[in-house]
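Q: Just input_24.txt, nothing more (compact mmCIF, C-alpha atoms and all ligand atoms):
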```txt
# COMPACT_ATOMS: atom_id res chain seq x y z
CA MET A 1 146.55 -91.31 169.62
CA PRO A 2 143.03 -90.30 168.61
CA ILE A 3 140.60 -88.93 171.20
CA THR A 4 137.22 -90.60 171.67
CA PRO A 5 134.69 -87.91 172.58
CA THR A 6 132.59 -88.36 175.72
CA GLU A 7 129.61 -86.34 176.98
CA LYS A 8 130.75 -83.65 179.38
CA ILE A 9 133.84 -81.64 180.24
CA TRP A 10 134.20 -79.76 183.52
CA MET A 11 135.20 -76.14 182.88
CA ASP A 12 135.64 -73.64 185.69
CA GLY A 13 132.97 -75.18 187.88
CA GLU A 14 130.45 -76.20 185.22
CA LEU A 15 129.84 -79.31 183.19
CA VAL A 16 129.65 -78.34 179.53
CA ASP A 17 128.92 -80.45 176.47
CA TRP A 18 132.00 -81.96 174.83
CA GLU A 19 131.53 -79.89 171.62
CA SER A 20 131.04 -76.67 173.58
CA ALA A 21 134.30 -76.94 175.55
CA ARG A 22 135.99 -74.23 173.48
CA ILE A 23 138.49 -71.45 174.17
CA HIS A 24 139.65 -68.28 172.40
CA VAL A 25 142.62 -68.40 170.00
CA LEU A 26 144.32 -65.68 172.05
CA THR A 27 144.32 -67.87 175.16
CA HIS A 28 147.63 -67.06 176.85
CA THR A 29 148.78 -70.65 177.42
CA LEU A 30 148.37 -71.46 173.71
CA HIS A 31 151.04 -68.84 172.93
CA TYR A 32 153.59 -69.28 175.71
CA GLY A 33 152.97 -72.79 177.08
CA CYS A 34 152.58 -71.66 180.65
CA GLY A 35 150.04 -74.11 181.99
CA VAL A 36 150.08 -77.22 184.16
CA PHE A 37 148.29 -80.51 183.79
CA GLU A 38 147.89 -84.06 185.03
CA GLY A 39 147.33 -87.46 183.49
CA ILE A 40 145.30 -89.81 185.67
CA ARG A 41 143.48 -93.09 185.10
CA ALA A 42 140.23 -94.48 186.46
CA TYR A 43 139.80 -98.25 186.58
CA PRO A 44 136.89 -100.58 187.12
CA THR A 45 136.73 -102.06 190.61
CA GLU A 46 134.21 -104.27 192.41
CA ALA A 47 132.67 -101.13 193.88
CA GLY A 48 132.46 -99.26 190.56
CA PRO A 49 134.96 -96.94 188.89
CA ALA A 50 137.80 -95.63 191.02
CA VAL A 51 140.52 -93.10 190.27
CA PHE A 52 144.03 -94.31 191.00
CA ARG A 53 145.84 -92.05 193.49
CA LEU A 54 143.64 -89.09 192.56
CA THR A 55 144.60 -87.00 195.59
CA ASP A 56 148.32 -87.48 194.88
CA HIS A 57 147.85 -86.38 191.28
CA ILE A 58 145.91 -83.27 192.27
CA THR A 59 148.55 -82.45 194.89
CA ARG A 60 151.18 -82.63 192.15
CA LEU A 61 149.00 -80.40 189.94
CA PHE A 62 148.92 -77.75 192.65
CA ASN A 63 152.67 -78.08 193.24
CA SER A 64 153.26 -77.60 189.51
CA ALA A 65 151.07 -74.48 189.64
CA LYS A 66 152.97 -73.20 192.65
CA ILE A 67 156.29 -73.57 190.85
CA PHE A 68 154.98 -71.47 187.94
CA MET A 69 153.22 -69.02 190.29
CA ILE A 70 149.83 -69.85 188.89
CA ASP A 71 147.11 -69.16 191.42
CA VAL A 72 144.49 -71.89 190.95
CA PRO A 73 141.05 -70.38 191.65
CA PHE A 74 139.83 -73.63 193.28
CA GLY A 75 140.96 -75.68 196.23
CA ALA A 76 142.63 -79.06 195.71
CA ASP A 77 139.65 -80.74 197.39
CA GLU A 78 137.30 -79.04 194.91
CA ILE A 79 139.35 -80.35 191.97
CA VAL A 80 139.37 -83.84 193.49
CA GLU A 81 135.56 -83.71 193.74
CA ALA A 82 135.22 -82.19 190.26
CA THR A 83 137.33 -85.02 188.84
CA LYS A 84 135.12 -87.65 190.46
CA THR A 85 132.03 -85.86 189.18
CA THR A 86 133.39 -85.74 185.63
CA VAL A 87 134.14 -89.47 185.63
CA ARG A 88 130.71 -90.21 187.11
CA VAL A 89 128.61 -88.09 184.74
CA ASN A 90 130.32 -89.54 181.70
CA GLY A 91 129.34 -93.03 182.82
CA LEU A 92 132.72 -94.62 182.07
CA ASP A 93 134.02 -97.46 184.18
CA GLN A 94 137.55 -96.80 182.99
CA CYS A 95 139.11 -93.77 181.38
CA TYR A 96 142.04 -91.41 181.14
CA ILE A 97 141.59 -88.12 182.97
CA ARG A 98 143.18 -84.85 181.90
CA PRO A 99 142.91 -81.91 184.30
CA ILE A 100 144.55 -78.76 182.97
CA VAL A 101 145.15 -75.36 184.55
CA TYR A 102 145.79 -72.72 181.94
CA LEU A 103 146.11 -68.98 181.56
CA GLY A 104 143.09 -67.73 179.72
CA TYR A 105 142.07 -64.85 177.46
CA GLY A 106 142.68 -61.23 178.26
CA GLU A 107 146.41 -60.56 178.41
CA MET A 108 149.28 -60.88 175.96
CA GLY A 109 152.99 -60.68 176.67
CA LEU A 110 155.35 -62.59 178.86
CA ASN A 111 154.15 -61.49 182.24
CA PRO A 112 151.69 -64.25 183.19
CA LEU A 113 150.79 -62.80 186.59
CA PRO A 114 147.77 -60.69 185.53
CA CYS A 115 146.23 -63.49 183.40
CA PRO A 116 142.95 -65.11 184.29
CA VAL A 117 143.41 -68.73 185.37
CA ASN A 118 141.09 -71.40 184.01
CA VAL A 119 140.68 -75.06 184.91
CA ALA A 120 139.24 -77.89 182.83
CA ILE A 121 138.88 -81.63 183.37
CA ALA A 122 138.23 -83.97 180.47
CA VAL A 123 137.91 -87.76 180.45
CA TRP A 124 137.92 -90.26 177.60
CA PRO A 125 138.60 -93.95 177.06
CA TRP A 126 142.27 -94.54 176.27
CA GLY A 127 143.98 -97.84 175.53
CA ALA A 128 147.58 -98.93 176.07
CA TYR A 129 149.72 -95.81 175.48
CA LEU A 130 152.65 -97.72 173.97
CA GLY A 131 150.43 -100.37 172.40
CA ASP A 132 149.24 -103.79 173.56
CA GLU A 133 152.21 -105.37 171.82
CA GLY A 134 154.59 -103.23 173.89
CA VAL A 135 152.87 -104.17 177.15
CA ALA A 136 153.10 -107.85 176.24
CA ASN A 137 156.53 -108.12 174.61
CA GLY A 138 158.42 -104.91 175.34
CA VAL A 139 159.29 -101.73 173.48
CA ARG A 140 162.34 -100.73 171.46
CA MET A 141 164.02 -97.66 172.92
CA LYS A 142 166.50 -95.13 171.55
CA ILE A 143 168.65 -92.73 173.55
CA SER A 144 167.64 -89.31 172.32
CA SER A 145 170.06 -86.75 170.98
CA TRP A 146 167.86 -84.27 172.85
CA GLN A 147 168.72 -83.76 176.51
CA ARG A 148 166.26 -83.62 179.37
CA HIS A 149 165.68 -80.15 180.78
CA ASP A 150 168.41 -78.53 182.76
CA PRO A 151 166.68 -77.95 186.13
CA ASN A 152 167.62 -74.29 186.03
CA ALA A 153 166.11 -73.88 182.57
CA MET A 154 162.88 -75.79 183.20
CA PRO A 155 161.85 -77.25 186.56
CA PRO A 156 161.45 -81.03 186.10
CA ALA A 157 159.21 -81.29 189.17
CA ALA A 158 156.54 -79.27 187.38
CA LYS A 159 154.27 -80.93 184.85
CA GLY A 160 154.11 -77.85 182.64
CA THR A 161 152.42 -77.85 179.23
CA GLY A 162 155.24 -76.07 177.37
CA MET A 163 157.86 -78.36 178.85
CA TYR A 164 156.58 -81.18 176.67
CA ILE A 165 158.13 -79.75 173.50
CA ASN A 166 161.28 -81.44 174.77
CA SER A 167 159.48 -84.80 175.00
CA SER A 168 157.83 -84.37 171.61
CA MET A 169 161.15 -83.64 169.89
CA ALA A 170 162.62 -86.79 171.40
CA LYS A 171 159.52 -88.80 170.49
CA ILE A 172 159.64 -87.64 166.86
CA GLU A 173 163.31 -88.52 166.59
CA ALA A 174 162.76 -92.02 168.02
CA LEU A 175 159.71 -92.77 165.86
CA LYS A 176 161.37 -91.50 162.65
CA ALA A 177 164.34 -93.76 163.38
CA GLY A 178 162.01 -96.76 163.75
CA TYR A 179 161.93 -97.07 167.55
CA ASP A 180 158.93 -97.03 169.87
CA GLU A 181 160.09 -94.54 172.46
CA ALA A 182 163.02 -92.36 173.55
CA ILE A 183 165.17 -92.20 176.68
CA LEU A 184 166.54 -88.79 177.60
CA LEU A 185 169.81 -88.13 179.41
CA SER A 186 170.30 -85.29 181.87
CA PRO A 187 172.68 -82.42 181.05
CA GLN A 188 175.21 -84.29 183.25
CA GLY A 189 174.85 -87.37 181.04
CA TYR A 190 172.88 -89.63 183.39
CA VAL A 191 169.73 -91.44 182.38
CA SER A 192 166.77 -89.24 183.27
CA GLU A 193 163.48 -90.63 181.97
CA CYS A 194 161.46 -91.29 178.83
CA THR A 195 159.23 -88.82 176.97
CA GLY A 196 156.26 -89.54 179.24
CA GLU A 197 157.44 -92.29 181.58
CA ASN A 198 159.95 -92.97 184.33
CA LEU A 199 162.50 -95.71 183.88
CA PHE A 200 163.75 -98.63 185.96
CA VAL A 201 166.59 -101.11 185.42
CA VAL A 202 167.41 -104.35 187.17
CA ARG A 203 171.16 -104.66 187.78
CA ARG A 204 172.60 -107.56 189.75
CA GLY A 205 169.15 -108.36 191.09
CA ARG A 206 168.56 -104.83 192.38
CA ILE A 207 166.03 -102.42 190.99
CA VAL A 208 167.34 -98.92 190.28
CA THR A 209 165.53 -95.79 189.10
CA PRO A 210 167.07 -92.34 188.49
CA PRO A 211 166.84 -89.75 191.29
CA LEU A 212 164.82 -86.57 190.78
CA ALA A 213 168.10 -84.70 190.42
CA ALA A 214 168.59 -86.49 187.09
CA GLY A 215 165.69 -84.37 185.83
CA ALA A 216 162.78 -86.81 185.93
CA LEU A 217 159.22 -86.01 186.87
CA GLU A 218 158.35 -87.40 190.30
CA GLY A 219 156.19 -90.17 188.90
CA ILE A 220 153.23 -91.47 190.85
CA THR A 221 153.44 -94.80 189.01
CA GLN A 222 157.17 -94.83 189.81
CA ASP A 223 156.32 -94.37 193.49
CA SER A 224 153.64 -97.09 193.34
CA VAL A 225 156.03 -99.48 191.62
CA ILE A 226 158.75 -98.84 194.22
CA THR A 227 156.28 -99.78 196.98
CA ILE A 228 155.05 -102.82 195.06
CA ALA A 229 158.56 -104.06 194.28
CA ARG A 230 159.70 -103.65 197.91
CA ASP A 231 156.59 -105.48 199.10
CA LEU A 232 157.52 -108.28 196.70
CA GLY A 233 160.86 -108.45 198.50
CA TYR A 234 163.10 -106.72 195.96
CA GLU A 235 165.69 -104.10 196.79
CA VAL A 236 164.86 -100.80 195.14
CA GLU A 237 167.07 -97.73 195.15
CA PHE A 238 167.38 -94.34 193.52
CA GLY A 239 170.70 -94.16 191.73
CA ASN A 240 172.39 -92.63 188.75
CA ILE A 241 172.22 -94.83 185.67
CA LEU A 242 174.67 -94.63 182.80
CA ARG A 243 173.81 -95.25 179.20
CA SER A 244 175.97 -98.37 179.24
CA ASP A 245 174.01 -99.71 182.25
CA LEU A 246 171.00 -99.83 179.97
CA TYR A 247 172.93 -101.96 177.50
CA THR A 248 174.04 -104.52 180.07
CA CYS A 249 171.23 -104.64 182.63
CA GLU A 250 169.22 -107.82 183.22
CA GLU A 251 165.83 -106.16 182.87
CA ALA A 252 164.45 -102.72 182.22
CA PHE A 253 160.97 -101.26 182.21
CA LEU A 254 159.20 -97.94 182.12
CA THR A 255 156.29 -96.63 184.20
CA GLY A 256 153.65 -93.96 183.76
CA THR A 257 149.94 -93.40 184.21
CA ALA A 258 149.22 -93.60 180.49
CA ALA A 259 151.79 -96.33 179.70
CA GLU A 260 151.38 -98.23 183.02
CA VAL A 261 154.26 -100.79 183.36
CA VAL A 262 155.93 -101.62 180.05
CA PRO A 263 158.95 -103.90 179.54
CA ILE A 264 161.93 -102.57 177.56
CA ALA A 265 163.02 -105.06 174.90
CA SER A 266 166.09 -103.18 173.66
CA VAL A 267 168.01 -99.92 173.96
CA ASP A 268 169.89 -98.58 170.92
CA ASP A 269 169.55 -102.09 169.40
CA ARG A 270 171.24 -103.77 172.39
CA VAL A 271 168.82 -106.46 173.53
CA VAL A 272 167.91 -106.24 177.22
CA GLY A 273 168.37 -109.64 178.89
CA ASP A 274 167.18 -112.22 176.41
CA GLY A 275 164.83 -109.73 174.77
CA ARG A 276 161.77 -111.09 176.57
CA PRO A 277 160.18 -109.34 179.56
CA GLY A 278 162.07 -110.51 182.66
CA PRO A 279 160.58 -112.13 185.77
CA ILE A 280 160.83 -109.04 188.02
CA THR A 281 159.21 -106.85 185.37
CA ARG A 282 156.39 -109.37 184.98
CA ARG A 283 155.68 -109.65 188.70
CA VAL A 284 155.65 -105.88 189.17
CA GLN A 285 153.47 -105.45 186.08
CA GLU A 286 150.94 -108.03 187.31
CA LEU A 287 150.70 -106.62 190.82
CA TYR A 288 150.33 -103.07 189.50
CA HIS A 289 147.55 -104.25 187.19
CA ALA A 290 145.70 -105.77 190.17
CA ALA A 291 146.41 -102.84 192.53
CA VAL A 292 144.89 -100.18 190.26
CA ARG A 293 141.71 -102.28 190.05
CA GLY A 294 141.39 -102.41 193.83
CA GLN A 295 142.15 -106.13 193.94
CA VAL A 296 144.99 -105.89 196.48
CA ASP A 297 144.01 -105.14 200.08
CA ARG A 298 147.24 -103.47 201.12
CA TYR A 299 146.89 -100.91 198.30
CA LYS A 300 143.19 -100.14 198.85
CA ASP A 301 143.99 -96.56 199.88
CA TRP A 302 145.32 -95.82 196.40
CA VAL A 303 141.92 -96.50 194.89
CA GLU A 304 139.56 -93.51 195.20
CA HIS A 305 135.98 -94.39 194.30
CA VAL A 306 133.95 -91.86 192.34
CA GLY A 307 130.73 -92.71 194.23
N1 LIG A 401 157.79 -88.52 183.17
C1 LIG A 401 157.11 -87.72 182.31
C2 LIG A 401 157.87 -86.75 181.50
C3 LIG A 401 155.72 -87.84 182.22
O1 LIG A 401 155.06 -87.05 181.38
C4 LIG A 401 155.05 -88.80 182.99
C5 LIG A 401 153.57 -88.96 182.87
C6 LIG A 401 155.80 -89.61 183.86
C7 LIG A 401 157.17 -89.44 183.92
C8 LIG A 401 155.17 -90.63 184.77
O2 LIG A 401 154.43 -89.99 185.77
P1 LIG A 401 153.17 -90.69 186.44
O3 LIG A 401 152.07 -90.71 185.43
O4 LIG A 401 152.87 -89.84 187.61
O5 LIG A 401 153.58 -92.06 186.82
N2 LIG A 401 153.08 -88.80 181.56
C9 LIG A 401 151.67 -88.56 181.37
C10 LIG A 401 151.44 -87.93 180.04
C11 LIG A 401 151.26 -88.76 178.83
C12 LIG A 401 150.75 -87.87 177.72
O6 LIG A 401 150.74 -88.28 176.58
O7 LIG A 401 150.31 -86.74 177.98
C13 LIG A 401 150.83 -89.79 181.70
O8 LIG A 401 151.36 -90.89 181.77
O9 LIG A 401 149.63 -89.60 181.91
```
Starting from the file, give its structure as structure tokens.

A:
Amino acid sequence: MPITPTEKIWMDGELVDWESARIHVLTHTLHYGCGVFEGIRAYPTEAGPAVFRLTDHITRLFNSAKIFMIDVPFGADEIVEATKTTVRVNGLDQCYIRPIVYLGYGEMGLNPLPCPVNVAIAVWPWGAYLGDEGVANGVRMKISSWQRHDPNAMPPAAKGTGMYINSSMAKIEALKAGYDEAILLSPQGYVSECTGENLFVVRRGRIVTPPLAAGALEGITQDSVITIARDLGYEVEFGNILRSDLYTCEEAFLTGTAAEVVPIASVDDRVVGDGRPGPITRRVQELYHAAVRGQVDRYKDWVEHVG
């Protein structure tokens, strides 16, 4: 998905011009993939642009850094403020936000501890991650032949840059085979998540999503959708999902900041339900759409205005 340049990028405490936001080719993270990042969205609200669950995303960023023993040279509150500033100065009423903490220039070799730590925050306008057609009519999924990380090989709770090779391999495989997106199974064989989204199924009227122990990232959209679905009166539980459950469930959908809420039309060519987005998926999708725009009173706290 192409990037649309904006004006300013926040780098280590300063706003620099988009074209000047450059780093050295011997930047440590470029070589070993030891960095952490977030994907966040800002939406237009009645009171101007607001970042959806910004504090929760920055908390996850710092937890990711803690897991990798990366010492972020800023406080979480400073990164929250810096994110708001970056959205504000770029004058966008909606955008995708990419904070990244990376190991900079000055050290080579596998010991990351002596490396300088840098932080950047970029924002740009970004449309529907899996396409408008997918949001409207559902996406075609393929179970990947690549497994999700074993938790003792790569910690799924961390949103680490290098960890995404796994997702990219699965994405390539799915796209080359003519599908829209991949579903990865855990080393134990349970459904884990998609390349950049969590997954939900509706089985016998109940909504089920895989537990963290199945190797999924602890999704903030997943958490929002669980709250929304329960408030709508549905039963939601964390539970192990088998590949065959995906083939026979009534509805399925995926969730993520970039993707938002997207219906699943089929899995490995088995049509989900009647192949059209189901009623539960639609209701959750609609309420999420309204919540992120500050249109639902009970979810007002999720919406953090940039000022
Ligand atoms: N699982 C993975 C592996 C993942 O990358 C994401 C976010 C999620 C689940 C959903 O998490 P959350 O956004 O908190 O609901 N994926 C981000 C990266 C997309 C990208 O291309 O980069 C995102 O949605 O921003």

Q: Counting all atoms listed in the file, which protein, DNA or RNA residues come within 10 Å of ligand LIG 401 (chain A), given as a PyMOL selection string?

A: chain A and resi 1+37-41+53+56-57+60+96-98+129-130+148+156-161+163-164+166-168+184+192-199+215-225+254-261

Q: CA of Asn118 in chain A and CA of Val306 in chain A are how many Å apart?

A: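 A separation of 23.2 Å between them.
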
Q: Quote the spacing between CA of Arg298 in chain A and CA of Glu237 in chain A in Å to one decimal place.

A: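 Here the two named atoms are 21.5 Å from each other.
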
Q: Got a sec to check which residues sit within 8 Å of (168.4, -107.2, 187.2), counting all atoms listed in the file, and write them as a short mmCIF file (atom, residue, chain, number, x, y, z; two decimals) with C-alpha atoms, in the frame of the given file?

A:
```cif
data_model
loop_
_atom_site.label_atom_id
_atom_site.label_comp_id
_atom_site.auth_asym_id
_atom_site.auth_seq_id
_atom_site.Cartn_x
_atom_site.Cartn_y
_atom_site.Cartn_z
CA VAL A 201 166.59 -101.11 185.42
CA VAL A 202 167.41 -104.35 187.17
CA ARG A 203 171.16 -104.66 187.78
CA ARG A 204 172.60 -107.56 189.75
CA GLY A 205 169.15 -108.36 191.09
CA ARG A 206 168.56 -104.83 192.38
CA ILE A 207 166.03 -102.42 190.99
CA CYS A 249 171.23 -104.64 182.63
CA GLU A 250 169.22 -107.82 183.22
CA GLU A 251 165.83 -106.16 182.87
CA ALA A 252 164.45 -102.72 182.22
CA ILE A 280 160.83 -109.04 188.02
#
```

Q: Which value, in Å to one decimal, gives the distance between CA of His24 in chain A and CA of Cys95 in chain A?

A: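 Separation of CA of His24 in chain A and CA of Cys95 in chain A: 27.0 Å.
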
Q: So which residues are close to (152.5, -72.0, 175.6), meaning at most 10 Å away in the file's coordinates with all atoms listed in the file counted, and can you show them as a PyMOL selection string?

A: chain A and resi 27-35+102-103+160-163+165

Q: Any idea what's packed within 8 Å of Gln295 in chain A, counting only C-alpha atoms, ignoring anything in its chain fewer than 5 positions away? Could you give it as number ranges by chain?

A: A: 45, 290, 300

Q: Return the single residue from A:Gly233, A:Gly104, A:Gly91, A:Gly134 that is closest to Ser266 in chain A, with distances computed using all atoms listed in the file.

A: A:Gly134

Q: Go through A:Thr83, A:Thr281, A:Gln188, A:Thr6 one by one, measure the shortest atom-to-atom distance of each to Pro99 in chain A using all atoms listed in the file, and give the residue with the smallest value.

A: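 Of A:Thr83, A:Thr281, A:Gln188, A:Thr6, the one nearest Pro99 in chain A is A:Thr83, counting all atoms listed in the file.
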
Q: Under the rule that only C-alpha atoms are counted, which of A:Pro44, A:Gly178, A:Pro2, A:Gly75 is the nearest residue to Gly127 in chain A?

A: A:Pro2

Q: Could you name the residues that touch Leu185 in chain A at 8 Å or less, counting all atoms listed in the file, but leaving out those on the same chain fewer than 5 positions away, as a PDB file with C-alpha atoms, in the coordinates of the input?

A:
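Once written, result25.pdb looks like this:
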```pdb
ATOM      1  CA  ILE A 143     168.650 -92.730 173.550  1.00  0.00           C
ATOM      2  CA  SER A 144     167.640 -89.310 172.320  1.00  0.00           C
ATOM      3  CA  TRP A 146     167.860 -84.270 172.850  1.00  0.00           C
ATOM      4  CA  GLN A 147     168.720 -83.760 176.510  1.00  0.00           C
ATOM      5  CA  ARG A 148     166.260 -83.620 179.370  1.00  0.00           C
ATOM      6  CA  TYR A 190     172.880 -89.630 183.390  1.00  0.00           C
ATOM      7  CA  VAL A 191     169.730 -91.440 182.380  1.00  0.00           C
ATOM      8  CA  SER A 192     166.770 -89.240 183.270  1.00  0.00           C
ATOM      9  CA  GLU A 193     163.480 -90.630 181.970  1.00  0.00           C
ATOM     10  CA  ALA A 214     168.590 -86.490 187.090  1.00  0.00           C
TER      11      ALA A 214
END
```

Q: With N, CA, C and O atoms as the goal, would you fill in the gaps in range 197-211 of chain A and present it as a PDB file, in the coordinates of the input?

A:
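Dumped to part20.pdb:
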```
ATOM      1  N   GLU A 197     157.376 -91.173 180.626  1.00  0.00           N
ATOM      2  CA  GLU A 197     157.440 -92.290 181.580  1.00  0.00           C
ATOM      3  C   GLU A 197     158.748 -92.233 182.351  1.00  0.00           C
ATOM      4  O   GLU A 197     159.762 -91.772 181.843  1.00  0.00           O
ATOM      5  N   ASN A 198     158.711 -92.736 183.583  1.00  0.00           N
ATOM      6  CA  ASN A 198     159.950 -92.970 184.330  1.00  0.00           C
ATOM      7  C   ASN A 198     160.539 -94.302 183.918  1.00  0.00           C
ATOM      8  O   ASN A 198     159.893 -95.106 183.244  1.00  0.00           O
ATOM      9  N   LEU A 199     161.787 -94.519 184.335  1.00  0.00           N
ATOM     10  CA  LEU A 199     162.500 -95.710 183.880  1.00  0.00           C
ATOM     11  C   LEU A 199     163.127 -96.461 185.055  1.00  0.00           C
ATOM     12  O   LEU A 199     163.572 -95.834 186.031  1.00  0.00           O
ATOM     13  N   PHE A 200     163.118 -97.765 184.954  1.00  0.00           N
ATOM     14  CA  PHE A 200     163.750 -98.630 185.960  1.00  0.00           C
ATOM     15  C   PHE A 200     164.671 -99.623 185.249  1.00  0.00           C
ATOM     16  O   PHE A 200     164.356-100.071 184.148  1.00  0.00           O
ATOM     17  N   VAL A 201     165.774 -99.983 185.903  1.00  0.00           N
ATOM     18  CA  VAL A 201     166.590-101.110 185.420  1.00  0.00           C
ATOM     19  C   VAL A 201     166.783-102.091 186.569  1.00  0.00           C
ATOM     20  O   VAL A 201     166.695-101.725 187.746  1.00  0.00           O
ATOM     21  N   VAL A 202     167.026-103.336 186.185  1.00  0.00           N
ATOM     22  CA  VAL A 202     167.410-104.350 187.170  1.00  0.00           C
ATOM     23  C   VAL A 202     168.866-104.683 186.893  1.00  0.00           C
ATOM     24  O   VAL A 202     169.219-105.095 185.781  1.00  0.00           O
ATOM     25  N   ARG A 203     169.711-104.425 187.891  1.00  0.00           N
ATOM     26  CA  ARG A 203     171.160-104.660 187.780  1.00  0.00           C
ATOM     27  C   ARG A 203     171.600-105.499 188.958  1.00  0.00           C
ATOM     28  O   ARG A 203     171.393-105.097 190.095  1.00  0.00           O
ATOM     29  N   ARG A 204     172.171-106.631 188.690  1.00  0.00           N
ATOM     30  CA  ARG A 204     172.600-107.560 189.750  1.00  0.00           C
ATOM     31  C   ARG A 204     171.487-107.818 190.754  1.00  0.00           C
ATOM     32  O   ARG A 204     171.695-107.746 191.968  1.00  0.00           O
ATOM     33  N   GLY A 205     170.292-108.006 190.253  1.00  0.00           N
ATOM     34  CA  GLY A 205     169.150-108.360 191.090  1.00  0.00           C
ATOM     35  C   GLY A 205     168.501-107.195 191.816  1.00  0.00           C
ATOM     36  O   GLY A 205     167.478-107.352 192.461  1.00  0.00           O
ATOM     37  N   ARG A 206     169.110-106.000 191.701  1.00  0.00           N
ATOM     38  CA  ARG A 206     168.560-104.830 192.380  1.00  0.00           C
ATOM     39  C   ARG A 206     167.839-103.935 191.384  1.00  0.00           C
ATOM     40  O   ARG A 206     168.311-103.763 190.257  1.00  0.00           O
ATOM     41  N   ILE A 207     166.785-103.319 191.852  1.00  0.00           N
ATOM     42  CA  ILE A 207     166.030-102.420 190.990  1.00  0.00           C
ATOM     43  C   ILE A 207     166.505-100.991 191.227  1.00  0.00           C
ATOM     44  O   ILE A 207     166.597-100.547 192.378  1.00  0.00           O
ATOM     45  N   VAL A 208     166.834-100.297 190.161  1.00  0.00           N
ATOM     46  CA  VAL A 208     167.340 -98.920 190.280  1.00  0.00           C
ATOM     47  C   VAL A 208     166.531 -98.001 189.373  1.00  0.00           C
ATOM     48  O   VAL A 208     166.193 -98.361 188.246  1.00  0.00           O
ATOM     49  N   THR A 209     166.218 -96.814 189.896  1.00  0.00           N
ATOM     50  CA  THR A 209     165.530 -95.790 189.100  1.00  0.00           C
ATOM     51  C   THR A 209     166.239 -94.457 189.335  1.00  0.00           C
ATOM     52  O   THR A 209     166.756 -94.218 190.425  1.00  0.00           O
ATOM     53  N   PRO A 210     166.321 -93.594 188.319  1.00  0.00           N
ATOM     54  CA  PRO A 210     167.070 -92.340 188.490  1.00  0.00           C
ATOM     55  C   PRO A 210     166.480 -91.426 189.562  1.00  0.00           C
ATOM     56  O   PRO A 210     165.260 -91.395 189.736  1.00  0.00           O
ATOM     57  N   PRO A 211     167.320 -90.715 190.287  1.00  0.00           N
ATOM     58  CA  PRO A 211     166.840 -89.750 191.290  1.00  0.00           C
ATOM     59  C   PRO A 211     166.222 -88.534 190.596  1.00  0.00           C
ATOM     60  O   PRO A 211     166.477 -88.290 189.419  1.00  0.00           O
TER      61      PRO A 211
END
```
